[in-house]
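Below is start00.pdb, which holds PDB, C-alpha atoms and all ligand atoms.
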ATOM      1  CA  MET A   1       0.000   0.000   0.000
ATOM      2  CA  LYS A   2       1.396   3.418  -1.055
ATOM      3  CA  LEU A   3       1.024   6.028   1.632
ATOM      4  CA  VAL A   4       2.559   9.435   2.332
ATOM      5  CA  PHE A   5       3.781  10.271   5.834
ATOM      6  CA  ALA A   6       3.583  14.080   5.839
ATOM      7  CA  THR A   7       6.932  14.737   7.489
ATOM      8  CA  ASN A   8      10.600  15.337   6.720
ATOM      9  CA  ASN A   9      11.654  14.710  10.333
ATOM     10  CA  LYS A  10      14.080  11.793   9.950
ATOM     11  CA  HIS A  11      13.703  10.744  13.591
ATOM     12  CA  LYS A  12       9.918  10.466  13.266
ATOM     13  CA  LEU A  13      10.253   8.648   9.932
ATOM     14  CA  GLU A  14      12.649   6.109  11.412
ATOM     15  CA  GLU A  15      10.345   5.536  14.415
ATOM     16  CA  VAL A  16       7.264   5.048  12.236
ATOM     17  CA  LYS A  17       8.984   2.874   9.576
ATOM     18  CA  ASN A  18      10.170   0.662  12.407
ATOM     19  CA  LEU A  19       6.535   0.095  13.475
ATOM     20  CA  LEU A  20       4.820  -0.108  10.085
ATOM     21  CA  GLY A  21       6.641  -3.080   8.558
ATOM     22  CA  ASP A  22       6.936  -4.022   4.876
ATOM     23  CA  SER A  23       3.276  -4.021   3.804
ATOM     24  CA  PHE A  24       3.435  -0.255   3.333
ATOM     25  CA  ASN A  25       5.418   1.780   0.845
ATOM     26  CA  LEU A  26       5.944   4.908   2.916
ATOM     27  CA  MET A  27       6.826   8.154   1.108
ATOM     28  CA  THR A  28       7.940  11.415   2.697
ATOM     29  CA  LEU A  29       7.071  14.982   1.674
ATOM     30  CA  ASN A  30      10.451  15.349  -0.080
ATOM     31  CA  GLU A  31       9.853  12.146  -2.036
ATOM     32  CA  ILE A  32       6.557  13.427  -3.491
ATOM     33  CA  GLY A  33       8.114  16.823  -4.332
ATOM     34  CA  CYS A  34       6.320  18.744  -1.585
ATOM     35  CA  HIS A  35       8.958  21.260  -0.490
ATOM     36  CA  GLU A  36       6.731  24.134   0.640
ATOM     37  CA  ASP A  37       6.218  24.922   4.313
ATOM     38  CA  ILE A  38       2.801  23.706   5.448
ATOM     39  CA  GLU A  39       1.810  26.282   8.037
ATOM     40  CA  GLU A  40       0.462  24.761  11.233
ATOM     41  CA  THR A  41      -2.022  27.495  12.125
ATOM     42  CA  ALA A  42      -4.554  25.493  14.158
ATOM     43  CA  THR A  43      -4.872  25.767  17.935
ATOM     44  CA  THR A  44      -5.236  22.008  18.483
ATOM     45  CA  LEU A  45      -3.092  18.965  17.636
ATOM     46  CA  GLU A  46      -6.062  17.506  15.716
ATOM     47  CA  GLY A  47      -6.345  20.724  13.663
ATOM     48  CA  ASN A  48      -2.651  20.833  12.734
ATOM     49  CA  ALA A  49      -2.486  17.132  11.843
ATOM     50  CA  LYS A  50      -5.550  17.597   9.612
ATOM     51  CA  ILE A  51      -4.053  20.680   7.895
ATOM     52  CA  LYS A  52      -0.993  18.607   6.880
ATOM     53  CA  SER A  53      -2.904  15.538   5.642
ATOM     54  CA  ASP A  54      -5.454  17.722   3.780
ATOM     55  CA  HIS A  55      -2.626  19.655   2.074
ATOM     56  CA  VAL A  56      -1.034  16.475   0.693
ATOM     57  CA  LYS A  57      -4.355  15.037  -0.519
ATOM     58  CA  LEU A  58      -5.494  18.309  -2.092
ATOM     59  CA  HIS A  59      -2.249  19.295  -3.854
ATOM     60  CA  TYR A  60      -0.602  15.920  -4.550
ATOM     61  CA  GLY A  61      -3.528  13.480  -4.636
ATOM     62  CA  TYR A  62      -1.976  10.881  -2.317
ATOM     63  CA  ASP A  63      -3.610   9.104   0.577
ATOM     64  CA  CYS A  64      -1.692  10.321   3.559
ATOM     65  CA  PHE A  65      -1.222  10.508   7.281
ATOM     66  CA  ALA A  66       0.212  13.335   9.341
ATOM     67  CA  ASP A  67       0.988  13.635  13.025
ATOM     68  CA  ASP A  68       1.167  16.453  15.486
ATOM     69  CA  THR A  69       2.568  16.136  18.973
ATOM     70  CA  GLY A  70       2.535  18.294  22.063
ATOM     71  CA  LEU A  71       4.182  18.127  25.469
ATOM     72  CA  GLU A  72       1.548  18.973  28.107
ATOM     73  CA  VAL A  73       3.006  19.935  31.491
ATOM     74  CA  GLU A  74       0.591  19.878  34.449
ATOM     75  CA  ALA A  75       2.268  22.657  36.488
ATOM     76  CA  LEU A  76       2.272  24.879  33.378
ATOM     77  CA  ASN A  77      -1.470  24.368  32.795
ATOM     78  CA  GLY A  78      -0.884  22.046  29.852
ATOM     79  CA  GLU A  79       1.692  24.248  28.111
ATOM     80  CA  PRO A  80       3.477  24.233  25.714
ATOM     81  CA  GLY A  81       1.001  21.749  24.125
ATOM     82  CA  VAL A  82       0.300  22.519  20.498
ATOM     83  CA  TYR A  83       3.073  25.167  20.625
ATOM     84  CA  SER A  84       5.818  22.713  21.717
ATOM     85  CA  ALA A  85       7.964  23.215  18.590
ATOM     86  CA  ARG A  86       7.926  27.020  19.050
ATOM     87  CA  TYR A  87       8.075  27.126  22.871
ATOM     88  CA  ALA A  88      11.256  29.250  22.973
ATOM     89  CA  GLY A  89      10.340  31.280  19.861
ATOM     90  CA  GLU A  90       9.560  30.950  16.163
ATOM     91  CA  ASN A  91      12.979  29.577  15.118
ATOM     92  CA  ALA A  92      13.791  27.785  18.365
ATOM     93  CA  THR A  93      16.074  24.744  18.267
ATOM     94  CA  PHE A  94      15.313  21.581  20.247
ATOM     95  CA  ASP A  95      17.925  22.690  22.770
ATOM     96  CA  ASP A  96      16.421  26.206  23.121
ATOM     97  CA  ASN A  97      13.063  24.604  23.977
ATOM     98  CA  VAL A  98      14.618  22.174  26.449
ATOM     99  CA  GLN A  99      16.531  24.977  28.228
ATOM    100  CA  LYS A 100      13.381  27.116  28.454
ATOM    101  CA  MET A 101      11.445  24.156  29.902
ATOM    102  CA  LEU A 102      14.148  23.436  32.507
ATOM    103  CA  LYS A 103      14.021  27.097  33.571
ATOM    104  CA  ALA A 104      10.214  27.221  33.658
ATOM    105  CA  MET A 105      10.111  24.089  35.832
ATOM    106  CA  SER A 106      12.848  25.080  38.289
ATOM    107  CA  GLY A 107      11.369  25.123  41.781
ATOM    108  CA  PHE A 108       8.251  23.130  40.813
ATOM    109  CA  LYS A 109       7.626  19.954  42.836
ATOM    110  CA  ASN A 110       4.851  18.783  40.530
ATOM    111  CA  ARG A 111       6.788  17.623  37.450
ATOM    112  CA  LYS A 112       3.996  15.565  35.856
ATOM    113  CA  ALA A 113       3.800  15.829  32.074
ATOM    114  CA  ARG A 114       2.516  13.891  29.122
ATOM    115  CA  PHE A 115       3.201  13.685  25.429
ATOM    116  CA  ARG A 116       0.124  13.503  23.224
ATOM    117  CA  THR A 117       0.193  12.612  19.531
ATOM    118  CA  VAL A 118      -2.695  12.876  17.117
ATOM    119  CA  ILE A 119      -2.507  11.255  13.690
ATOM    120  CA  SER A 120      -4.839  12.353  10.914
ATOM    121  CA  LEU A 121      -5.303   9.739   8.170
ATOM    122  CA  ILE A 122      -6.905  10.270   4.788
ATOM    123  CA  LEU A 123      -7.521   6.920   3.095
ATOM    124  CA  ASN A 124      -9.973   6.047   0.335
ATOM    125  CA  GLY A 125     -11.911   9.283   0.863
ATOM    126  CA  GLU A 126     -12.262   8.780   4.610
ATOM    127  CA  GLN A 127     -10.676  10.912   7.339
ATOM    128  CA  LEU A 128      -9.835   9.370  10.717
ATOM    129  CA  PHE A 129      -7.910  10.370  13.868
ATOM    130  CA  PHE A 130      -5.719   8.151  16.092
ATOM    131  CA  GLU A 131      -4.419   9.321  19.487
ATOM    132  CA  GLY A 132      -1.506   8.183  21.653
ATOM    133  CA  ILE A 133      -0.628   9.438  25.140
ATOM    134  CA  CYS A 134       2.512   8.805  27.191
ATOM    135  CA  ASP A 135       2.526   9.956  30.839
ATOM    136  CA  GLY A 136       5.749  10.844  32.606
ATOM    137  CA  HIS A 137       7.822  13.510  34.349
ATOM    138  CA  ILE A 138      10.094  16.400  33.441
ATOM    139  CA  GLU A 139      13.590  15.805  34.800
ATOM    140  CA  ALA A 140      15.715  18.565  36.399
ATOM    141  CA  SER A 141      18.516  18.168  33.829
ATOM    142  CA  CYS A 142      19.303  16.455  30.504
ATOM    143  CA  SER A 143      20.255  12.766  30.222
ATOM    144  CA  GLY A 144      20.909  10.765  27.070
ATOM    145  CA  GLU A 145      21.898  11.455  23.472
ATOM    146  CA  LYS A 146      19.262   9.578  21.455
ATOM    147  CA  GLY A 147      15.960  10.783  20.008
ATOM    148  CA  PHE A 148      15.061  14.438  19.556
ATOM    149  CA  GLY A 149      13.067  17.343  20.974
ATOM    150  CA  TYR A 150      12.328  17.102  24.688
ATOM    151  CA  ASP A 151      13.561  13.479  24.903
ATOM    152  CA  PRO A 152      16.574  14.259  27.181
ATOM    153  CA  ILE A 153      14.302  15.690  29.915
ATOM    154  CA  PHE A 154      11.232  13.398  29.643
ATOM    155  CA  LYS A 155      11.122  10.238  31.738
ATOM    156  CA  PRO A 156       8.085   8.036  30.964
ATOM    157  CA  LEU A 157       6.136   6.612  33.912
ATOM    158  CA  GLY A 158       7.478   3.250  35.133
ATOM    159  CA  PHE A 159      10.954   3.694  33.586
ATOM    160  CA  ASP A 160      14.197   4.938  35.078
ATOM    161  CA  LYS A 161      15.501   6.247  31.760
ATOM    162  CA  THR A 162      14.641   9.341  29.742
ATOM    163  CA  PHE A 163      13.435   8.820  26.158
ATOM    164  CA  ALA A 164      16.913   9.981  25.061
ATOM    165  CA  GLU A 165      18.483   7.048  26.934
ATOM    166  CA  MET A 166      16.197   4.428  25.323
ATOM    167  CA  ASP A 167      16.719   2.474  22.136
ATOM    168  CA  ILE A 168      14.278   3.213  19.321
ATOM    169  CA  GLU A 169      12.373  -0.092  19.794
ATOM    170  CA  THR A 170      11.617   0.589  23.467
ATOM    171  CA  LYS A 171      10.571   4.172  22.773
ATOM    172  CA  GLY A 172       8.385   2.976  19.879
ATOM    173  CA  ARG A 173       6.599   0.479  22.107
ATOM    174  CA  ILE A 174       5.612   2.945  24.829
ATOM    175  CA  SER A 175       5.742   6.457  23.360
ATOM    176  CA  HIS A 176       2.827   8.723  22.421
ATOM    177  CA  ARG A 177       3.675   8.425  18.707
ATOM    178  CA  GLY A 178       4.312   4.687  19.052
ATOM    179  CA  LEU A 179       0.874   4.137  20.599
ATOM    180  CA  ALA A 180      -0.884   6.294  17.989
ATOM    181  CA  VAL A 181       1.008   4.518  15.180
ATOM    182  CA  GLN A 182       0.113   1.092  16.634
ATOM    183  CA  LYS A 183      -3.584   2.087  16.346
ATOM    184  CA  LEU A 184      -2.969   3.368  12.793
ATOM    185  CA  VAL A 185      -1.168   0.141  11.818
ATOM    186  CA  ALA A 186      -4.001  -2.009  13.232
ATOM    187  CA  TYR A 187      -6.487  -0.028  11.135
ATOM    188  CA  LEU A 188      -4.352  -0.117   7.958
ATOM    189  CA  THR A 189      -3.674  -3.846   8.327
ATOM    190  CA  LYS A 190      -7.418  -4.480   8.528
ATOM    191  CA  GLN A 191      -7.927  -2.385   5.374
ATOM    192  CA  VAL A 192      -5.231  -4.370   3.517
ATOM    193  CA  GLN A 193      -6.790  -7.690   4.584
ATOM    194  CA  THR A 194     -10.298  -6.546   3.577
ATOM    195  CA  SER A 195      -9.111  -5.352   0.162
ATOM    196  CA  ARG A 196      -7.343  -8.717  -0.409
ATOM    197  CA  LEU A 197     -10.611 -10.559   0.327
ATOM    198  CA  LYS A 198     -12.590  -8.476  -2.181
TER     199      LYS A 198
HETATM  200  P1  LIG B 201       5.511  18.029  15.971
HETATM  201  O1  LIG B 201       4.689  19.236  15.659
HETATM  202  O2  LIG B 201       4.768  16.772  15.935
HETATM  203  O3  LIG B 201       6.778  18.000  15.180
HETATM  204  O4  LIG B 201       5.972  18.168  17.487
HETATM  205  C1  LIG B 201       6.166  19.420  18.098
HETATM  206  C2  LIG B 201       7.376  19.422  18.977
HETATM  207  O5  LIG B 201       7.176  18.486  20.033
HETATM  208  C3  LIG B 201       8.675  19.011  18.298
HETATM  209  O6  LIG B 201       9.327  20.096  17.732
HETATM  210  C4  LIG B 201       9.475  18.443  19.441
HETATM  211  O7  LIG B 201      10.110  19.460  20.133
HETATM  212  C5  LIG B 201       8.394  17.854  20.341
HETATM  213  N1  LIG B 201       8.270  16.403  20.106
HETATM  214  C6  LIG B 201       7.445  15.757  19.257
HETATM  215  N2  LIG B 201       7.608  14.423  19.367
HETATM  216  C7  LIG B 201       8.572  14.243  20.306
HETATM  217  C8  LIG B 201       9.188  13.088  20.857
HETATM  218  O8  LIG B 201       8.912  11.939  20.511
HETATM  219  N3  LIG B 201      10.113  13.328  21.798
HETATM  220  C9  LIG B 201      10.467  14.571  22.226
HETATM  221  N4  LIG B 201       9.939  15.666  21.740
HETATM  222  C10 LIG B 201       8.995  15.503  20.783
END
Take the structure in the file and write it out as structure tokens.
Ligand code: IMP
Amino acid sequence: MKLVFATNNKHKLEEVKNLLGDSFNLMTLNEIGCHEDIEETATTLEGNAKIKSDHVKLHYGYDCFADDTGLEVEALNGEPGVYSARYAGENATFDDNVQKMLKAMSGFKNRKARFRTVISLILNGEQLFFEGICDGHIEASCSGEKGFGYDPIFKPLGFDKTFAEMDIETKGRISHRGLAVQKLVAYLTKQVQTSRLK
């Protein structure tokens, strides 16, 4: 099955390819010639994921899925949420965002946080959403070199390692995106089986 994953983030692509298996021919935005910036102007993860999948379907004609993720910190009233990529400013690097988060959380006892991913899928004229949530805590300093984004300061519940200290398989099994992708894969696999029976 040919499907576009509306991203050029190589970390995300690697994580998702690892979970999807060989039944799917996954193409990125670069591979379909989509080089323009798709502006994420919505105020919800669902809205931004839908903007990206709609853009690919409308302008390139491919069935597609797109994800949007936010880090929701309890002591910060759910911030930065949908604005996680731009937490420290419009052109913020991953490290800028991490440093701002460490500063914002200094002195807070309540360090509960969660990652939430929403995937928007457009397949055979239908539009569906899949959600994945990973609960955890914000650490007081960075640990680990793997992954991306807030991984060095996020420790998932029940683990004594940050995401940045985990191998990609472990993160994929328990992470927000991993859980959302597992739901997506279950749905896509069912579609493939049904179409084979027809
Ligand atoms: P995006 O809009 O889905 O790319 O996610 C927004 C921001 O959330 C990214 O720029 C990262 O900073 C952060 N983020 C998304 N997924 C992850 C993850 O798996 N680990 C750590 N940070 C992430």
Please write the residues picked by the PyMOL selection byres (((chain A and resi 79-84) around 12) and not hetatm) on this file as a ChimeraX atom specification.
/A:40-49,67-78,85-94,96-98,100-101,104-105,112-118,149-150
Can you tell me, as a list of chain:residue names, what residues are no more than 12 Å from Lys183 (chain A) when counting all atoms listed in the file, ignoring any on the same chain fewer than 5 positions away?
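Final neighbour list, sorted by chain and number: A:Val16, A:Leu19, A:Leu20, A:Thr117, A:Val118, A:Ile119, A:Ser120, A:Leu121, A:Leu128, A:Phe129, A:Phe130, A:Glu131, A:Gly132, A:Ile133, A:Arg173, A:His176, A:Arg177, A:Gly178, A:Leu188, A:Thr189, A:Lys190.
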Could you check which residues have any atom within 12 Å of (15.2, 4.9, 27.6), counting only C-alpha atoms with coordinates taken straight from the file, and then list them as an MDAnalysis selection string?
chainID A and resid 143:147 151:175
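Going from atom O8 of ligand LIG 201 (chain B) to CA of Asp37 (chain A) covers 20.9 Å.
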Work out where the centre of an axis-aligned box around every listed atom of ligand LIG 201 (chain B) lies and how long its edges are once 4 Å is added on each side; give both in Å to one decimal as JSON.
{"center_x": 7.6, "center_y": 16.0, "center_z": 18.7, "size_x": 13.8, "size_y": 16.2, "size_z": 15.0}
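Minimum distance to ligand LIG 201 (chain B) across A:Asp54, A:Asp95, A:Glu31, A:Asp63 (counting all atoms listed in the file) occurs at A:Asp95.
When all atoms listed in the file are used to compute distances to Ile122 (chain A), the closest of the residues A:Gln182, A:Ser141, A:Thr28, A:Ser53 turns out to be A:Ser53.
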Counting all atoms listed in the file, the residue of A:Ile51, A:Ala186, A:Asp22, A:Gly33 that sits nearest ligand LIG 201 (chain B)
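Answer, going by the shortest atom-to-atom distance: A:Ile51.
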Pairwise distance for atom C9 of ligand LIG 201 (chain B) and CA of Gln127 (chain A), rounded to one decimal in Å
26.1 Å
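At a cut-off of 8 Å from (1.3, -0.5, 1.3), the residue set is Met1, Lys2, Leu3, Asp22, Ser23, Phe24, Asn25, Leu26 and Val192 of chain A (counting only C-alpha atoms).
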Tell me which of A:Ile32, A:Glu139, A:Gly61, A:Ala66 sits closest to Thr7 (chain A), counting all atoms listed in the file.
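Smallest separation from Thr7 (chain A) among the options: A:Ala66.
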Do you have the CA of Leu58 (chain A)-atom N4 of ligand LIG 201 (chain B) distance handy?
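Result for CA of Leu58 (chain A) versus atom N4 of ligand LIG 201 (chain B): 28.5 Å, one decimal.
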Using all atoms listed in the file, find the one residue out of A:Ile38, A:Leu123, A:Val185, A:Leu102 that sits nearest to Ala140 (chain A).
A:Leu102
Selected residue of minimal separation from ligand LIG 201 (chain B) among A:Leu184, A:Asn124, A:Gln99, A:Lys57, counting all atoms listed in the file:
A:Gln99
Contacts of Cys34 (chain A) at 9 Å (all atoms listed in the file; same-chain gap of 4+ positions) as a PyMOL selection string
chain A and resi 28-30+56+59-60
